[in-house]
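Next up, work-v3.pdb (PDB, C-alpha atoms):
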ATOM      1  CA  VAL K  26     -46.460  24.669  -8.756
ATOM      2  CA  GLN K  27     -44.649  22.233  -6.523
ATOM      3  CA  VAL K  28     -43.906  18.733  -7.736
ATOM      4  CA  VAL K  29     -42.922  15.518  -5.964
ATOM      5  CA  GLU K  30     -41.463  12.569  -7.836
ATOM      6  CA  SER K  31     -41.500   8.963  -6.699
ATOM      7  CA  GLY K  32     -41.256   5.414  -7.967
ATOM      8  CA  GLY K  33     -37.589   5.075  -8.772
ATOM      9  CA  GLY K  34     -35.473   2.114  -7.810
ATOM     10  CA  LEU K  35     -33.078  -0.581  -8.913
ATOM     11  CA  VAL K  36     -34.141  -2.678 -11.884
ATOM     12  CA  GLN K  37     -32.471  -5.164 -14.175
ATOM     13  CA  PRO K  38     -32.028  -4.475 -17.889
ATOM     14  CA  GLY K  39     -35.271  -5.193 -19.693
ATOM     15  CA  GLY K  40     -37.294  -4.461 -16.590
ATOM     16  CA  SER K  41     -39.977  -1.843 -15.944
ATOM     17  CA  LEU K  42     -40.698   0.960 -13.520
ATOM     18  CA  ARG K  43     -43.516   3.461 -13.197
ATOM     19  CA  LEU K  44     -42.632   6.900 -11.933
ATOM     20  CA  SER K  45     -45.174   9.282 -10.438
ATOM     21  CA  CYS K  46     -45.222  13.057 -10.329
ATOM     22  CA  VAL K  47     -47.690  14.718  -7.998
ATOM     23  CA  ALA K  48     -48.161  18.395  -8.772
ATOM     24  CA  SER K  49     -49.879  20.954  -6.577
ATOM     25  CA  GLY K  50     -52.312  23.486  -7.981
ATOM     26  CA  ALA K  51     -54.200  23.472 -11.263
ATOM     27  CA  PRO K  52     -53.256  20.967 -13.977
ATOM     28  CA  ALA K  53     -50.187  22.062 -15.871
ATOM     29  CA  ASP K  54     -48.144  20.919 -18.822
ATOM     30  CA  ILE K  55     -45.755  18.400 -17.307
ATOM     31  CA  GLY K  56     -42.332  17.437 -18.518
ATOM     32  CA  TRP K  57     -40.265  14.486 -17.378
ATOM     33  CA  TYR K  58     -36.507  15.018 -17.415
ATOM     34  CA  ARG K  59     -33.525  12.957 -16.438
ATOM     35  CA  GLN K  60     -29.965  13.691 -15.470
ATOM     36  CA  ALA K  61     -27.243  11.099 -15.577
ATOM     37  CA  PRO K  62     -23.994  11.599 -13.620
ATOM     38  CA  GLY K  63     -21.809  14.148 -15.332
ATOM     39  CA  GLU K  64     -24.493  14.955 -17.893
ATOM     40  CA  GLN K  65     -26.905  17.808 -18.397
ATOM     41  CA  ARG K  66     -30.539  17.431 -17.505
ATOM     42  CA  GLU K  67     -32.491  16.375 -20.588
ATOM     43  CA  LEU K  68     -36.159  16.434 -21.467
ATOM     44  CA  ILE K  69     -37.573  13.020 -22.310
ATOM     45  CA  ALA K  70     -41.366  13.362 -22.482
ATOM     46  CA  THR K  71     -44.137  15.890 -22.064
ATOM     47  CA  ILE K  72     -47.884  15.822 -21.579
ATOM     48  CA  THR K  73     -50.118  18.859 -21.889
ATOM     49  CA  ARG K  74     -53.127  19.662 -19.742
ATOM     50  CA  ASP K  75     -55.409  18.132 -22.350
ATOM     51  CA  GLY K  76     -53.331  14.956 -22.601
ATOM     52  CA  THR K  77     -51.284  15.572 -25.734
ATOM     53  CA  THR K  78     -48.010  13.687 -25.441
ATOM     54  CA  ASP K  79     -44.585  14.082 -26.970
ATOM     55  CA  TYR K  80     -41.428  11.998 -26.626
ATOM     56  CA  LYS K  81     -37.775  12.243 -27.431
ATOM     57  CA  GLY K  82     -36.679   9.659 -29.929
ATOM     58  CA  PHE K  83     -34.524   7.639 -27.560
ATOM     59  CA  VAL K  84     -37.530   6.708 -25.386
ATOM     60  CA  LYS K  85     -40.226   6.350 -28.027
ATOM     61  CA  GLY K  86     -41.808   2.936 -27.903
ATOM     62  CA  ARG K  87     -40.395   2.216 -24.449
ATOM     63  CA  PHE K  88     -41.720   5.014 -22.229
ATOM     64  CA  THR K  89     -45.329   6.165 -21.886
ATOM     65  CA  ILE K  90     -46.405   9.372 -20.204
ATOM     66  CA  SER K  91     -49.953   9.686 -18.898
ATOM     67  CA  ARG K  92     -51.917  11.710 -16.404
ATOM     68  CA  ASP K  93     -54.776  11.487 -13.959
ATOM     69  CA  ASN K  94     -55.967  15.031 -13.370
ATOM     70  CA  ALA K  95     -58.307  13.926 -10.601
ATOM     71  CA  LYS K  96     -55.222  12.829  -8.656
ATOM     72  CA  ASN K  97     -52.980  15.688  -9.852
ATOM     73  CA  THR K  98     -50.588  12.964 -10.936
ATOM     74  CA  VAL K  99     -48.547  12.348 -14.059
ATOM     75  CA  TYR K 100     -46.993   8.952 -14.651
ATOM     76  CA  LEU K 101     -44.012   7.783 -16.632
ATOM     77  CA  GLN K 102     -44.202   4.100 -17.445
ATOM     78  CA  MET K 103     -40.754   2.872 -18.434
ATOM     79  CA  ASN K 104     -40.401  -0.501 -20.115
ATOM     80  CA  ASN K 105     -37.445  -2.380 -21.541
ATOM     81  CA  LEU K 106     -35.064  -0.346 -19.434
ATOM     82  CA  LYS K 107     -31.446  -0.123 -20.505
ATOM     83  CA  TYR K 108     -28.220   0.596 -18.643
ATOM     84  CA  GLU K 109     -28.148   4.053 -20.219
ATOM     85  CA  ASP K 110     -31.509   4.918 -18.646
ATOM     86  CA  THR K 111     -29.771   5.148 -15.277
ATOM     87  CA  ALA K 112     -30.293   8.689 -14.019
ATOM     88  CA  VAL K 113     -32.159  10.874 -11.578
ATOM     89  CA  TYR K 114     -35.593  11.542 -13.031
ATOM     90  CA  TYR K 115     -37.349  14.851 -12.463
ATOM     91  CA  CYS K 116     -40.721  16.247 -13.413
ATOM     92  CA  ASN K 117     -41.563  19.885 -13.962
ATOM     93  CA  ALA K 118     -44.798  21.854 -14.285
ATOM     94  CA  GLY K 119     -43.998  24.193 -17.133
ATOM     95  CA  THR K 120     -45.534  25.291 -20.412
ATOM     96  CA  LYS K 121     -45.720  23.558 -23.775
ATOM     97  CA  LYS K 122     -45.904  25.891 -26.749
ATOM     98  CA  GLY K 123     -45.836  24.194 -30.112
ATOM     99  CA  VAL K 124     -42.876  21.842 -30.142
ATOM    100  CA  TYR K 125     -41.102  23.601 -27.310
ATOM    101  CA  TYR K 126     -41.366  22.950 -23.608
ATOM    102  CA  TYR K 127     -40.502  25.714 -21.178
ATOM    103  CA  PRO K 128     -39.799  24.419 -17.677
ATOM    104  CA  SER K 129     -40.639  26.417 -14.597
ATOM    105  CA  LYS K 130     -37.983  27.288 -12.037
ATOM    106  CA  ASP K 131     -39.472  24.889  -9.509
ATOM    107  CA  TRP K 132     -37.981  21.405  -9.428
ATOM    108  CA  GLY K 133     -38.593  18.488  -7.141
ATOM    109  CA  GLN K 134     -35.935  16.360  -5.506
ATOM    110  CA  GLY K 135     -36.034  13.782  -8.277
ATOM    111  CA  THR K 136     -36.153  10.013  -8.049
ATOM    112  CA  GLN K 137     -33.192   7.749  -8.770
ATOM    113  CA  VAL K 138     -33.509   5.044 -11.404
ATOM    114  CA  THR K 139     -30.679   2.554 -11.575
ATOM    115  CA  VAL K 140     -30.565  -0.124 -14.255
ATOM    116  CA  SER K 141     -28.083  -2.792 -13.318
ATOM    117  CA  SER K 142     -27.696  -6.550 -13.416
TER     118      SER K 142
END

Could you quickly redo this structure as structure tokens?
Amino acid sequence: VQVVESGGGLVQPGGSLRLSCVASGAPADIGWYRQAPGEQRELIATITRDGTTDYKGFVKGRFTISRDNAKNTVYLQMNNLKYEDTAVYYCNAGTKKGVYYYPSKDWGQGTQVTVSS
């Protein structure tokens, strides 16, 4: 499954962005990740094919993941952005099993989110 991310940009602290992930093929369990400079890529939110969502604690209450299967698109609405949210954001069409998410080997190019005043 190929994925294409978009929607990143420059935003001030406290601002909002909505990222999009368009995935080819049949609906899959989608994970949003991010990678800050010098850091490892980290999982931040997942949504299964049937719409079940899960979030890491540091984004709960600020980020919302959703999907529109008719458009093969998964969204990540990010509110109240903080400096530490600056990163390249990636989505992945993997598999969610229980509490674990297993990413596929296929990654998109990512979309840069920069939070700066």

Identify all residues satisfying the PyMOL selection byres ((chain K and resi 80) around 12) in the given file; provide them as a PyMOL selection string.
chain K and resi 56-58+67-72+77-79+81-91+101+124-126

Output check: residues returned by the PyMOL selection byres ((chain K and resi 74) around 7), as a PyMOL selection string:
chain K and resi 52-54+72-73+75-76

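Of note, CA of Met103 (chain K) and CA of Asp131 (chain K) are spaced 23.8 Å apart.
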
I'd like the residues picked by the PyMOL selection byres ((chain K and resi 107) around 8) written out as a list in words, using the chain letters and numbers from the file.
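Selected by the PyMOL selection byres ((chain K and resi 107) around 8) here: Pro38, Gly39, Asn105, Leu106, Tyr108, Glu109, Asp110, Thr111 and Val140 of chain K.
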
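Minimum atom-to-atom distances from K:Val138, K:Leu35, K:Val99, K:Ala51 to Cys116 (chain K) were compared using all atoms listed in the file, and the lowest value belongs to K:Val99.
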
For Val26 (chain K), which residue among K:Asn104, K:Ser45, K:Gln137, K:Thr120 is the nearest when counting only C-alpha atoms?
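Smallest distance to Val26 (chain K) is found for K:Thr120.
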
Between CA of Tyr114 (chain K) and CA of Ser49 (chain K), what is the spacing in Å?
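Spanning CA of Ser49 (chain K) to CA of Tyr114 (chain K) is a straight-line distance of 18.3 Å.
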
Top pick for closest residue to Trp132 (chain K), considering K:Val36, K:Arg59, K:Val29, K:Glu64 and counting only C-alpha atoms:
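Of the candidates, the smallest distance to Trp132 (chain K) is held by K:Val29.
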
Which neighbours of Glu30 (chain K) fall inside 8 Å, counting all atoms listed in the file, when residues of the same chain fewer than 2 positions from it are skipped, and could you give them as a count of residues only?
13

Can you tell me which residues surround Tyr127 (chain K) at a distance of at most 10 Å, considering only C-alpha atoms, apart from same-chain residues fewer than 3 positions away, and format the answer as an MDAnalysis selection string?
chainID K and resid 54:56 117:122 130

Which residue out of K:Gly123, K:Ala112, K:Ala95, K:Ser142 has the minimum interatomic distance to Gln65 (chain K) when only C-alpha atoms are used?
K:Ala112

Just give me the gap between CA of Ser41 (chain K) and CA of Gln102 (chain K) in Å, one decimal is fine.
7.4 Å
